[in-house]
$ cat protein26.csv   # CSV, C-alpha atoms
chain,number,residue,atom,x,y,z
A,39,MET,CA,-50.4,86.4,43.5
A,40,HIS,CA,-48.0,86.3,40.6
A,41,TRP,CA,-47.6,88.6,37.7
A,42,SER,CA,-47.4,86.8,34.4
A,43,TYR,CA,-47.6,87.5,30.7
A,44,PRO,CA,-51.1,88.4,29.7
A,45,LYS,CA,-52.8,85.9,27.5
A,46,GLU,CA,-56.0,86.4,25.4
A,47,GLY,CA,-58.3,83.4,25.6
A,48,SER,CA,-57.2,81.0,28.2
A,49,ILE,CA,-56.5,77.4,27.3
A,50,LEU,CA,-59.7,76.3,29.2
A,51,GLN,CA,-61.8,78.7,27.2
A,52,THR,CA,-60.3,77.5,23.9
A,53,ILE,CA,-60.9,73.9,24.6
A,54,ARG,CA,-64.4,74.6,25.8
A,55,GLY,CA,-65.1,76.6,22.6
A,56,LYS,CA,-63.8,73.7,20.5
A,57,ASN,CA,-66.0,71.2,22.4
A,58,VAL,CA,-69.1,73.4,22.0
A,59,ALA,CA,-68.4,73.7,18.2
A,60,LEU,CA,-67.9,69.9,17.8
A,61,GLU,CA,-71.1,69.2,19.8
A,62,GLU,CA,-73.1,71.5,17.5
A,63,GLN,CA,-71.8,69.5,14.5
A,64,GLY,CA,-73.3,66.3,16.1
A,65,LEU,CA,-70.3,64.8,17.8
A,66,LYS,CA,-71.3,62.9,20.9
A,67,LEU,CA,-69.0,64.0,23.7
A,68,PRO,CA,-68.2,61.3,26.3
A,69,SER,CA,-70.5,61.2,29.3
A,70,PRO,CA,-69.3,61.4,32.9
A,71,THR,CA,-67.9,58.1,34.1
A,72,LYS,CA,-70.1,56.1,36.4
A,73,THR,CA,-68.6,55.7,39.8
A,74,GLY,CA,-69.5,53.3,42.6
A,75,THR,CA,-68.7,53.0,46.3
A,76,THR,CA,-70.2,52.2,49.7
A,77,ILE,CA,-69.1,54.3,52.6
A,78,VAL,CA,-70.7,54.3,56.1
A,79,GLY,CA,-70.3,56.3,59.3
A,80,ILE,CA,-72.0,56.0,62.7
A,81,VAL,CA,-71.8,57.6,66.1
A,82,PHE,CA,-71.5,55.3,69.1
A,83,LYS,CA,-71.2,55.8,72.8
A,84,ASP,CA,-67.5,57.1,72.9
A,85,GLY,CA,-66.7,57.9,69.4
A,86,VAL,CA,-67.3,57.5,65.7
A,87,VAL,CA,-66.9,54.5,63.4
A,88,ILE,CA,-66.5,55.1,59.7
A,89,GLY,CA,-65.8,52.6,57.0
A,90,ALA,CA,-65.5,52.0,53.2
A,91,ASP,CA,-65.3,49.3,50.7
A,92,THR,CA,-62.1,49.0,48.5
A,93,ARG,CA,-63.4,48.8,44.9
A,94,ALA,CA,-62.5,51.5,42.4
A,95,THR,CA,-64.5,51.4,39.2
A,96,ALA,CA,-64.7,53.2,35.8
A,97,ASP,CA,-68.1,52.4,34.3
A,98,GLN,CA,-68.1,48.6,33.9
A,99,GLN,CA,-64.5,47.9,34.8
A,100,VAL,CA,-62.9,47.3,38.2
A,101,LEU,CA,-59.8,49.4,38.1
A,102,ASP,CA,-58.5,48.8,41.6
A,103,LYS,CA,-59.5,46.0,43.9
A,104,ASN,CA,-57.8,47.5,46.9
A,105,CYS,CA,-58.4,51.3,46.8
A,106,PHE,CA,-58.1,53.0,50.2
A,107,LYS,CA,-61.0,55.3,50.6
A,108,ILE,CA,-60.6,56.4,54.2
A,109,HIS,CA,-58.5,59.6,54.0
A,110,TYR,CA,-56.4,61.1,56.7
A,111,LEU,CA,-57.4,64.7,57.7
A,112,ALA,CA,-56.0,65.1,61.2
A,113,PRO,CA,-55.0,62.8,64.1
A,114,ASN,CA,-58.5,63.0,65.4
A,115,MET,CA,-60.3,63.0,62.1
A,116,ASN,CA,-60.8,60.8,59.1
A,117,CYS,CA,-62.9,61.3,56.0
A,118,CYS,CA,-64.4,58.6,53.7
A,119,GLY,CA,-64.8,59.6,50.0
A,120,ALA,CA,-67.3,58.5,47.3
A,121,GLY,CA,-67.3,59.9,43.8
A,122,THR,CA,-64.2,60.5,41.7
A,123,ALA,CA,-61.2,59.0,43.5
A,124,ALA,CA,-58.8,61.8,42.5
A,125,ASP,CA,-61.3,64.5,43.5
A,126,THR,CA,-61.9,63.1,47.0
A,127,LYS,CA,-58.2,62.6,47.6
A,128,PHE,CA,-57.1,66.0,46.4
A,129,THR,CA,-59.9,67.8,48.3
A,130,ASN,CA,-59.0,66.0,51.5
A,131,ASP,CA,-55.3,66.5,51.0
A,132,LEU,CA,-55.8,70.3,50.6
A,133,VAL,CA,-57.9,70.5,53.8
A,134,SER,CA,-55.5,68.2,55.6
A,135,SER,CA,-52.6,70.5,54.9
A,136,GLN,CA,-54.6,73.6,56.0
A,137,LEU,CA,-55.6,71.9,59.2
A,138,GLU,CA,-51.9,70.9,59.9
A,139,LEU,CA,-50.8,74.5,59.3
A,140,HIS,CA,-53.6,75.8,61.5
A,141,ARG,CA,-52.7,73.4,64.3
A,142,LEU,CA,-49.0,74.5,64.1
A,143,SER,CA,-50.2,78.1,64.3
A,144,THR,CA,-52.6,77.7,67.2
A,145,GLY,CA,-51.2,74.8,69.0
A,146,ARG,CA,-54.6,73.2,69.5
A,147,GLU,CA,-56.4,70.1,68.3
A,148,SER,CA,-58.4,70.7,65.1
A,149,ARG,CA,-62.2,70.8,65.4
A,150,VAL,CA,-64.3,68.8,63.1
A,151,VAL,CA,-66.4,71.8,62.2
A,152,THR,CA,-63.3,73.5,60.9
A,153,ALA,CA,-62.6,70.7,58.5
A,154,LEU,CA,-66.2,70.7,57.5
A,155,THR,CA,-66.3,74.4,56.7
A,156,LEU,CA,-63.1,74.1,54.7
A,157,LEU,CA,-64.4,71.1,52.7
A,158,LYS,CA,-67.8,72.6,52.0
A,159,ARG,CA,-66.2,75.9,51.0
A,160,ILE,CA,-64.1,74.2,48.3
A,161,LEU,CA,-67.0,72.2,47.1
A,162,PHE,CA,-69.5,75.0,47.0
A,163,LYS,CA,-67.0,77.2,45.2
A,164,HIS,CA,-66.8,74.7,42.4
A,165,GLN,CA,-70.5,74.1,42.2
A,166,GLY,CA,-70.5,70.3,42.1
A,167,ASN,CA,-67.8,70.2,39.4
A,168,ILE,CA,-65.6,68.5,42.0
A,169,SER,CA,-67.2,65.1,42.4
A,170,ALA,CA,-66.6,64.4,46.0
A,171,PHE,CA,-69.3,62.9,48.3
A,172,LEU,CA,-67.8,62.7,51.8
A,173,ILE,CA,-68.4,61.3,55.2
A,174,LEU,CA,-66.4,63.2,57.8
A,175,GLY,CA,-66.0,61.7,61.2
A,176,GLY,CA,-63.9,62.9,64.2
A,177,TYR,CA,-63.7,63.5,67.9
A,178,ASP,CA,-62.9,66.9,69.3
A,179,VAL,CA,-63.5,68.9,72.5
A,180,THR,CA,-67.2,68.9,71.7
A,181,GLY,CA,-67.4,65.1,71.5
A,182,PRO,CA,-67.9,62.7,68.6
A,183,LYS,CA,-69.0,64.4,65.4
A,184,LEU,CA,-70.2,62.9,62.1
A,185,TYR,CA,-71.0,64.9,59.0
A,186,THR,CA,-71.9,64.1,55.4
A,187,ILE,CA,-70.9,66.5,52.6
A,188,ALA,CA,-72.3,66.3,49.1
A,189,SER,CA,-70.4,67.6,46.1
A,190,GLN,CA,-72.5,70.8,45.8
A,191,GLY,CA,-71.3,71.8,49.3
A,192,ASN,CA,-74.4,71.0,51.3
A,193,THR,CA,-73.8,69.3,54.7
A,194,ASP,CA,-75.7,67.4,57.4
A,195,ASN,CA,-74.8,66.6,61.0
A,196,VAL,CA,-76.2,63.1,61.5
A,197,PRO,CA,-75.9,60.2,64.0
A,198,PHE,CA,-75.5,57.6,61.2
A,199,THR,CA,-75.1,58.0,57.5
A,200,THR,CA,-74.0,56.3,54.3
A,201,MET,CA,-73.0,57.5,50.8
A,202,GLY,CA,-72.3,56.1,47.4
A,203,SER,CA,-74.1,53.7,45.0
A,204,GLY,CA,-74.2,51.1,47.8
A,205,SER,CA,-75.8,53.5,50.2
A,206,LEU,CA,-79.3,52.1,49.6
A,207,ALA,CA,-78.3,48.6,50.8
A,208,ALA,CA,-76.2,49.9,53.6
A,209,MET,CA,-78.9,52.3,54.8
A,210,SER,CA,-81.3,49.4,55.3
A,211,MET,CA,-78.9,47.9,57.8
A,212,LEU,CA,-78.3,51.2,59.6
A,213,GLU,CA,-82.0,52.1,59.8
A,214,SER,CA,-83.0,48.7,61.2
A,215,ARG,CA,-80.1,48.3,63.7
A,216,TRP,CA,-78.7,51.7,64.7
A,217,LYS,CA,-79.6,52.8,68.2
A,218,LYS,CA,-78.3,55.5,70.6
A,219,ASP,CA,-75.2,54.9,72.7
A,220,MET,CA,-74.1,51.6,71.1
A,221,GLU,CA,-71.1,49.8,72.5
A,222,ARG,CA,-67.8,49.9,70.5
A,223,GLN,CA,-67.8,46.3,69.2
A,224,GLU,CA,-71.5,46.5,68.4
A,225,ALA,CA,-70.9,49.7,66.4
A,226,ILE,CA,-67.9,48.1,64.5
A,227,ASP,CA,-70.1,45.1,63.6
A,228,LEU,CA,-72.9,47.3,62.4
A,229,VAL,CA,-70.6,49.2,60.1
A,230,LYS,CA,-69.1,46.0,58.8
A,231,ASP,CA,-72.5,44.5,58.1
A,232,ALA,CA,-73.7,47.7,56.4
A,233,LEU,CA,-70.6,47.7,54.2
A,234,GLU,CA,-71.1,44.0,53.4
A,235,ALA,CA,-74.6,44.7,52.4
A,236,GLY,CA,-73.2,47.3,49.9
A,237,VAL,CA,-70.5,44.9,48.8
A,238,PHE,CA,-72.9,42.1,48.0
A,239,ASN,CA,-75.8,44.0,46.6
A,240,ASP,CA,-74.2,46.8,44.6
A,241,LEU,CA,-72.0,46.0,41.6
A,242,GLY,CA,-70.0,49.2,42.1
A,243,SER,CA,-68.8,48.2,45.5
A,244,GLY,CA,-66.6,45.2,46.5
A,245,GLY,CA,-63.3,44.0,47.7
A,246,ALA,CA,-62.6,44.2,51.4
A,247,VAL,CA,-64.0,46.3,54.2
A,248,ASN,CA,-61.8,49.0,55.8
A,249,ILE,CA,-62.9,50.6,59.1
A,250,ALA,CA,-61.6,53.5,61.2
A,251,ILE,CA,-62.6,53.9,64.8
A,252,ILE,CA,-62.1,57.4,66.2
A,253,GLU,CA,-62.3,57.9,69.9
A,254,LYS,CA,-61.1,60.4,72.4
A,255,GLY,CA,-57.3,60.7,71.9
A,256,LYS,CA,-56.9,57.8,69.5
A,257,THR,CA,-57.8,56.7,66.0
A,258,GLU,CA,-57.6,53.0,65.1
A,259,LEU,CA,-57.6,51.8,61.5
A,260,LYS,CA,-58.7,48.3,60.8
A,261,MET,CA,-57.5,47.4,57.3
A,262,GLU,CA,-59.4,44.6,55.6
A,263,TYR,CA,-61.5,44.1,58.7
A,264,SER,CA,-63.5,41.6,56.7
A,265,LYS,CA,-63.0,40.3,53.2
A,266,PRO,CA,-66.3,38.9,52.2
A,267,GLU,CA,-66.3,35.9,49.9
A,268,ARG,CA,-69.2,35.2,47.6
A,269,GLU,CA,-71.3,32.1,48.4
A,270,PRO,CA,-70.1,29.2,46.2
A,271,LYS,CA,-72.0,28.8,42.9
A,272,CYS,CA,-74.6,26.1,42.8
A,273,ARG,CA,-73.2,24.5,39.7
A,274,SER,CA,-69.6,23.9,38.5
A,275,TYR,CA,-68.7,25.6,35.3
A,276,LYS,CA,-65.4,23.7,34.8
A,277,PHE,CA,-65.1,21.4,31.9
A,278,ALA,CA,-64.0,17.8,32.6
A,279,ARG,CA,-60.8,16.6,31.1
A,280,GLY,CA,-61.3,15.1,27.7
A,281,SER,CA,-64.4,17.2,26.9
A,282,THR,CA,-62.6,18.3,23.7
A,283,ALA,CA,-61.6,15.5,21.3
A,284,VAL,CA,-57.9,15.5,20.1
A,285,LEU,CA,-58.1,15.3,16.3
A,286,ASN,CA,-54.4,15.0,15.6
A,287,SER,CA,-51.1,15.8,17.2
A,288,SER,CA,-47.5,16.3,16.1
A,289,THR,CA,-44.2,16.7,17.9
A,290,VAL,CA,-41.5,19.0,16.7
A,291,THR,CA,-37.9,18.4,17.8
A,292,VAL,CA,-35.4,21.4,17.6
A,293,ALA,CA,-32.3,19.9,16.2
A,294,GLU,CA,-30.0,22.9,15.7
A,295,GLY,CA,-28.9,25.8,17.9
A,296,ASP,CA,-28.0,26.1,21.6
A,297,ALA,CA,-30.6,26.0,24.3
A,298,MET,CA,-31.6,29.5,25.5
A,299,ASP,CA,-29.7,30.6,28.6
A,300,THR,CA,-32.3,31.0,31.2
A,301,SER,CA,-30.1,31.3,34.3
B,1136,MET,CA,-69.5,94.8,39.8
B,1137,ALA,CA,-71.2,97.4,41.9
B,1138,THR,CA,-68.8,98.9,44.4
B,1139,GLN,CA,-71.1,98.7,47.3
B,1140,SER,CA,-72.5,95.2,46.6
B,1141,LEU,CA,-73.0,92.8,49.4
B,1142,ARG,CA,-72.6,89.7,47.1
B,1143,ILE,CA,-71.0,86.7,48.8
B,1144,VAL,CA,-70.4,84.7,45.6
B,1145,PRO,CA,-70.0,86.0,42.0
B,1146,SER,CA,-73.1,86.2,39.8
B,1147,SER,CA,-73.7,83.2,37.5
B,1148,PHE,CA,-74.6,85.5,34.7
B,1149,PRO,CA,-71.8,88.0,33.8
B,1150,GLU,CA,-73.2,91.5,33.6
B,1151,GLY,CA,-73.6,93.1,30.2
B,1152,ALA,CA,-72.9,91.7,26.7
B,1153,PRO,CA,-69.5,90.0,26.3
B,1154,SER,CA,-67.1,92.4,24.8
B,1155,LYS,CA,-63.4,92.2,23.8
B,1156,SER,CA,-61.0,94.9,22.9
B,1157,VAL,CA,-57.9,94.8,20.8
B,1158,LYS,CA,-56.2,97.1,23.4
B,1159,SER,CA,-54.9,94.3,25.6
B,1160,THR,CA,-53.1,92.5,22.8
B,1161,ALA,CA,-52.2,95.4,20.6
B,1162,ASN,CA,-48.6,96.2,19.5
B,1163,SER,CA,-47.1,99.6,18.9
B,1164,PHE,CA,-49.1,99.9,15.7
B,1165,GLY,CA,-52.4,99.5,17.5
B,1166,VAL,CA,-53.3,96.1,15.9
B,1167,HIS,CA,-53.3,92.6,17.4
B,1168,ASP,CA,-49.8,91.4,18.0
B,1169,THR,CA,-49.8,88.1,16.0
B,1170,PHE,CA,-46.1,87.5,16.3
B,1171,ARG,CA,-46.1,87.5,20.0
B,1172,LEU,CA,-49.6,86.2,20.8
B,1173,GLY,CA,-50.5,84.0,17.9
B,1174,VAL,CA,-53.5,84.2,15.6
B,1175,ARG,CA,-56.5,85.8,17.2
B,1176,SER,CA,-59.9,84.0,17.3
B,1177,ILE,CA,-62.9,86.1,18.1
B,1178,ASN,CA,-64.9,82.9,18.1
B,1179,THR,CA,-63.1,81.4,21.1
B,1180,GLU,CA,-63.0,84.7,22.9
B,1181,LEU,CA,-66.8,85.4,22.7
B,1182,LEU,CA,-68.3,81.9,22.8
B,1183,PRO,CA,-69.8,80.9,26.1
B,1184,SER,CA,-66.9,79.7,28.3
B,1185,HIS,CA,-67.2,77.1,31.0
B,1186,PRO,CA,-69.9,78.1,33.4
B,1187,LEU,CA,-67.4,77.9,36.3
B,1188,GLU,CA,-64.8,80.2,34.6
B,1189,THR,CA,-66.2,83.6,35.6
B,1190,ARG,CA,-67.1,82.3,39.0
B,1191,LEU,CA,-63.6,81.2,39.8
B,1192,ASP,CA,-62.1,84.3,38.1
B,1193,GLN,CA,-64.2,86.7,40.2
B,1194,TRP,CA,-64.3,84.6,43.4
B,1195,ASP,CA,-61.5,86.4,45.4
B,1196,GLN,CA,-62.6,89.8,44.0
B,1197,THR,CA,-66.2,89.3,45.1
B,1198,GLN,CA,-65.2,88.2,48.6
B,1199,THR,CA,-62.7,91.1,49.0
B,1200,ASN,CA,-65.4,93.5,47.8
B,1201,LEU,CA,-67.8,92.2,50.4
B,1202,LYS,CA,-65.3,92.7,53.1
B,1203,LEU,CA,-64.4,96.2,52.0
B,1204,THR,CA,-68.1,97.1,51.7
B,1205,MET,CA,-68.8,95.9,55.2
B,1206,GLU,CA,-65.8,97.8,56.5
B,1207,ARG,CA,-67.1,100.9,54.8
B,1208,ARG,CA,-70.5,100.6,56.4
B,1209,ILE,CA,-69.2,99.9,59.9
B,1210,TYR,CA,-66.2,102.2,60.2
B,1211,GLY,CA,-66.6,104.6,57.3
B,1212,ILE,CA,-64.8,105.1,54.1
B,1213,HIS,CA,-61.4,105.4,55.7
B,1214,ALA,CA,-61.2,101.7,56.7
B,1215,PRO,CA,-61.3,100.2,53.1
B,1216,ILE,CA,-59.1,103.0,51.8
B,1217,ARG,CA,-56.5,102.3,54.5
B,1218,HIS,CA,-56.8,98.6,53.8
B,1219,LEU,CA,-56.4,99.0,50.0
B,1220,MET,CA,-53.4,101.4,50.6
B,1221,GLU,CA,-51.7,98.7,52.7
B,1222,ARG,CA,-52.2,96.1,50.0
B,1223,SER,CA,-51.0,98.4,47.3
B,1224,ILE,CA,-47.8,99.2,49.3
B,1225,VAL,CA,-46.9,95.6,50.0
B,1226,SER,CA,-47.7,94.4,46.5
B,1227,ARG,CA,-45.1,96.9,45.0
B,1228,VAL,CA,-42.3,95.0,46.7
B,1229,GLN,CA,-41.5,92.5,44.0
B,1230,ARG,CA,-38.6,91.0,42.1
B,1231,LEU,CA,-38.1,91.7,38.4
B,1232,PRO,CA,-41.3,90.9,36.5
B,1233,VAL,CA,-40.1,87.6,35.0
B,1234,LEU,CA,-38.9,86.3,38.3
B,1235,PRO,CA,-41.6,84.9,40.6
B,1236,SER,CA,-42.2,86.9,43.7
B,1237,SER,CA,-43.5,85.2,46.8
B,1238,ASN,CA,-45.3,88.3,48.0
B,1239,LEU,CA,-45.5,87.0,51.5
B,1240,ALA,CA,-46.6,90.3,53.0
B,1241,LEU,CA,-49.5,90.5,50.6
B,1242,ASP,CA,-50.5,86.9,51.4
B,1243,ILE,CA,-50.5,87.8,55.1
B,1244,LEU,CA,-52.7,90.8,54.5
B,1245,MET,CA,-55.1,88.7,52.5
B,1246,GLY,CA,-55.1,85.9,55.0
B,1247,LYS,CA,-53.6,83.4,52.5
B,1248,ASP,CA,-50.3,82.8,54.2
B,1249,GLU,CA,-51.4,79.7,56.0
B,1250,THR,CA,-53.3,78.0,53.2
B,1251,ILE,CA,-52.3,75.9,50.3
B,1252,GLU,CA,-54.7,76.0,47.4
B,1253,PHE,CA,-54.7,74.9,43.8
B,1254,GLU,CA,-52.9,77.9,42.5
B,1255,ASP,CA,-50.0,77.3,44.9
B,1256,PHE,CA,-49.0,74.0,43.3
B,1257,LEU,CA,-50.8,73.6,40.0
B,1258,ASN,CA,-49.5,75.6,37.0
B,1259,ASP,CA,-47.0,77.3,39.3
B,1260,PRO,CA,-45.1,80.1,37.3
B,1261,GLU,CA,-41.9,79.1,39.1
B,1262,SER,CA,-41.9,75.8,37.3
B,1263,SER,CA,-43.0,77.2,34.0
B,1264,THR,CA,-40.9,76.3,31.0
B,1265,GLU,CA,-42.3,79.2,28.9
B,1266,PRO,CA,-39.6,81.7,27.9
B,1267,MET,CA,-40.3,85.1,29.4
B,1268,ASP,CA,-39.2,88.3,27.8
B,1269,VAL,CA,-38.0,90.8,30.4
B,1270,HIS,CA,-38.5,93.8,28.2
B,1271,VAL,CA,-42.1,92.9,27.2
B,1272,SER,CA,-43.0,92.2,30.8
B,1273,MET,CA,-41.6,95.5,32.0
B,1274,GLU,CA,-43.4,97.4,29.2
B,1275,HIS,CA,-46.7,95.8,30.2
B,1276,ARG,CA,-46.1,96.4,33.9
B,1277,LEU,CA,-45.3,100.1,33.5
B,1278,GLY,CA,-47.9,100.6,30.8
B,1279,ILE,CA,-45.3,101.9,28.3
B,1280,LYS,CA,-46.1,100.4,24.9
B,1281,PHE,CA,-44.7,103.1,22.7
$ encode --input "protein26.csv" --output "C-alpha cells"
Amino acid sequence: MHWSYPKEGSILQTIRGKNVALEEQGLKLPSPTKTGTTIVGIVFKDGVVIGADTRATADQQVLDKNCFKIHYLAPNMNCCGAGTAADTKFTNDLVSSQLELHRLSTGRESRVVTALTLLKRILFKHQGNISAFLILGGYDVTGPKLYTIASQGNTDNVPFTTMGSGSLAAMSMLESRWKKDMERQEAIDLVKDALEAGVFNDLGSGGAVNIAIIEKGKTELKMEYSKPEREPKCRSYKFARGSTAVLNSSTVTVAEGDAMDTS
Amino acid sequence: MATQSLRIVPSSFPEGAPSKSVKSTANSFGVHDTFRLGVRSINTELLPSHPLETRLDQWDQTQTNLKLTMERRIYGIHAPIRHLMERSIVSRVQRLPVLPSSNLALDILMGKDETIEFEDFLNDPESSTEPMDVHVSMEHRLGIKF
C-alpha cells in the first residue's frame, strides 16, 4: 500500500474513453488474436501425466516453433497452459512464487488444491480478461490430482482432460482409450497419441510433444518426447533443372579496386 | 457500499449516477489545478470505463468489508473496531510521503506479507521516474490546501 500523488482519470480510463469514442465514429478496433494449442492431462495408477505441443501462433502465423507450455509450479506440480502465452506464464509465475513462500513458511509440501484455489482466484477476479486455460497436475499427500481451469475461474477435478483448439482431436483419443489404473508407459503413450492427434488435425497446434510425468516424490520432464513428421506428399513440387529457359547471359569482370577483406 | 453488506465480490454495476467533483483536483482558488494536473476532461472522467476497473478498484475493499461484517456479527462491534484501530496505527508509521514505505506491519495485518501480486512488481512507485513534490504531497496528506 503506497501513497502516491492523486491523479484524476487514470491512464486506463483515458485510453478506454478514446477507444470508445473512435469506435462510435466507425473505426474498427482490432479483434482478439486467435490462439491455438493442444494440452492434455491424464491420471494413471501412480501419478499424473500432462503434456503439450510446442507451437505458438498469432492468428495465421506461427510465431514460435518450440514454445514450452508446461509451466513449473512446485516440485510436485506442473501446469499446462492454453490461451495467451504471456497470460498463462505470468499467472503461473505468480502462483509459483506464492507456493514457494508458503512452503518456506510452513515447511510442508504444497497441495494441488492450494495451487488450484490461488489460480482460480486470480482468474475469477479478472473475469476472463486473463486468457489462461490451464491443466493443473500434481501429486500430494492426497494422491495424484488433475484439474482443469478455464479463464473465467471455473474448475473441474477430472481423471482425464484436454484443452485448447486441438482438444477435440485429443479428446477422441482419450475417450476411446483411457481406462482406470493405467500403467506408466501406457499412460505416456496415450498422452503422446492424443497430442499427436491435435498436432496433425489442428492447424493451431504443431511442433514437438513435451510430456511431464508427476509421481510420488519425483517429476520427470520429457522434452520433445516425439517430433511428429508429416507423411511425405504424394507429388513432388520441385521444378526440374532447366525448366526455365535462359534467354541471354552476360559476365561482368571487376577490373579495379581491392578485393574485400573477408578474413 | 453498505457497511453491513455480505458481498464477496464488488457489484458489476457501480451504485448511483457517476459523479465527479472538482474538490480533489482544486488548487487554493477552488478551481481545477491545470498547471499541476493538466487540462481536465469531463468526457474521459464520466465515460464508461473498462468493465473491470471498478471491480479491481473495489476488490480489496469489498473483501475487507465482508471480513469486518462477519467479525461484527460473530463477536460484536468491538472486533472490527479493534481491527481497524490496529490497521490505522501501523499505517501511520511511514517515511516521508515521496519516499516509498514498505509498510510491512500493515501487510502482515492484511495477510499480504507472503504474497507477490501485480501491484508488487508492475508500476512500482519505487521505480517511478516521475518527479515528486514533497510539499504538495505533504499538503495532500495533511489536508492543508490553504
$ atom_distance --input "protein26.csv" --atom1 "atom CA of A:Leu132" --atom2 "atom CA of B:Glu1252"
6.6 Å
$ closest_residue --input "protein26.csv" --among "B:Glu1221, B:Glu1249, B:Asp1195, B:Asp1255" --to "chain A" --atoms "only C-alpha atoms"
B:Glu1249
$ closest_residue --input "protein26.csv" --among "A:Leu67, A:Leu101, A:Ile160, A:Val87" --to "chain B" --atoms "all atoms listed in the file"
A:Ile160
$ closest_residue --input "protein26.csv" --among "B:Ile1216, B:Ile1251, B:Ile1209, B:Val1269" --to "B:Leu1234" --atoms "all atoms listed in the file"
B:Val1269
$ interface_residues --input "protein26.csv" --of "chain B" --to "chain A" --cutoff "8 Å" --atoms "all atoms listed in the file" --output "PyMOL selection string"
chain B and resi 1159-1160+1172+1178-1180+1182-1185+1187+1191+1232-1233+1235-1238+1242+1249-1252+1260+1267+1272
$ residues_around --input "protein26.csv" --residues "A:Lys218" --least-positions-apart "3" --cutoff "9 Å" --atoms "all atoms listed in the file" --output "VMD selection string"
chain A and resid 81 to 83 197
$ atom_distance --input "protein26.csv" --atom1 "atom CA of A:Leu161" --atom2 "atom CA of A:Thr73"
18.1 Å
$ closest_residue --input "protein26.csv" --among "B:Thr1197, B:Leu1239, B:Lys1155, B:Lys1202" --to "B:Ala1214" --atoms "all atoms listed in the file"
B:Lys1202
$ residues_near_point --input "protein26.csv" --point "(-54.9, 67.3, 65.6)" --cutoff "12 Å" --atoms "all atoms listed in the file" --output "PyMOL selection string"
chain A and resi 110-116+134-150+152-153+176-179+254-257
$ write_last_selection --input "protein26.csv" --atoms "C-alpha atoms" --output "compact mmCIF listing (two decimals), in the coordinates of the input"
# COMPACT_ATOMS: atom_id res chain seq x y z
CA TYR A 110 -56.40 61.10 56.70
CA LEU A 111 -57.40 64.70 57.70
CA ALA A 112 -56.00 65.10 61.20
CA PRO A 113 -55.00 62.80 64.10
CA ASN A 114 -58.50 63.00 65.40
CA MET A 115 -60.30 63.00 62.10
CA ASN A 116 -60.80 60.80 59.10
CA SER A 134 -55.50 68.20 55.60
CA SER A 135 -52.60 70.50 54.90
CA GLN A 136 -54.60 73.60 56.00
CA LEU A 137 -55.60 71.90 59.20
CA GLU A 138 -51.90 70.90 59.90
CA LEU A 139 -50.80 74.50 59.30
CA HIS A 140 -53.60 75.80 61.50
CA ARG A 141 -52.70 73.40 64.30
CA LEU A 142 -49.00 74.50 64.10
CA SER A 143 -50.20 78.10 64.30
CA THR A 144 -52.60 77.70 67.20
CA GLY A 145 -51.20 74.80 69.00
CA ARG A 146 -54.60 73.20 69.50
CA GLU A 147 -56.40 70.10 68.30
CA SER A 148 -58.40 70.70 65.10
CA ARG A 149 -62.20 70.80 65.40
CA VAL A 150 -64.30 68.80 63.10
CA THR A 152 -63.30 73.50 60.90
CA ALA A 153 -62.60 70.70 58.50
CA GLY A 176 -63.90 62.90 64.20
CA TYR A 177 -63.70 63.50 67.90
CA ASP A 178 -62.90 66.90 69.30
CA VAL A 179 -63.50 68.90 72.50
CA LYS A 254 -61.10 60.40 72.40
CA GLY A 255 -57.30 60.70 71.90
CA LYS A 256 -56.90 57.80 69.50
CA THR A 257 -57.80 56.70 66.00
$ closest_residue --input "protein26.csv" --among "B:Leu1219, B:Leu1257, B:Leu1244, B:Val1271" --to "B:Leu1231" --atoms "all atoms listed in the file"
B:Val1271
$ residues_around --input "protein26.csv" --residues "A:Thr92" --least-positions-apart "2" --cutoff "12 Å" --atoms "only C-alpha atoms" --output "JSON, numbers by chain"
{"A": [74, 75, 76, 77, 89, 90, 94, 95, 100, 101, 102, 103, 104, 105, 106, 107, 108, 118, 119, 120, 123, 233, 234, 236, 237, 242, 243, 244, 245, 246, 247, 248, 249, 261, 262, 263, 264, 265, 266]}
$ residues_around --input "protein26.csv" --residues "A:Met220" --least-positions-apart "3" --cutoff "10 Å" --atoms "all atoms listed in the file" --output "ChimeraX atom specification"
/A:80-85,216-217,223-226,228
$ atom_distance --input "protein26.csv" --atom1 "atom CA of A:Leu156" --atom2 "atom CA of A:Asn195"
15.3 Å
$ closest_residue --input "protein26.csv" --among "A:Lys127, A:His109, A:Arg93, A:Lys183" --to "A:Ile168" --atoms "only C-alpha atoms"
A:Lys127
$ residues_near_point --input "protein26.csv" --point "(-47.9, 93.6, 45.4)" --cutoff "9 Å" --atoms "only C-alpha atoms" --output "list in words"
Met39 and His40 of chain A; Arg1222, Ser1223, Ile1224, Val1225, Ser1226, Arg1227, Val1228, Gln1229, Ser1236, Asn1238, Ala1240 and Leu1241 of chain B
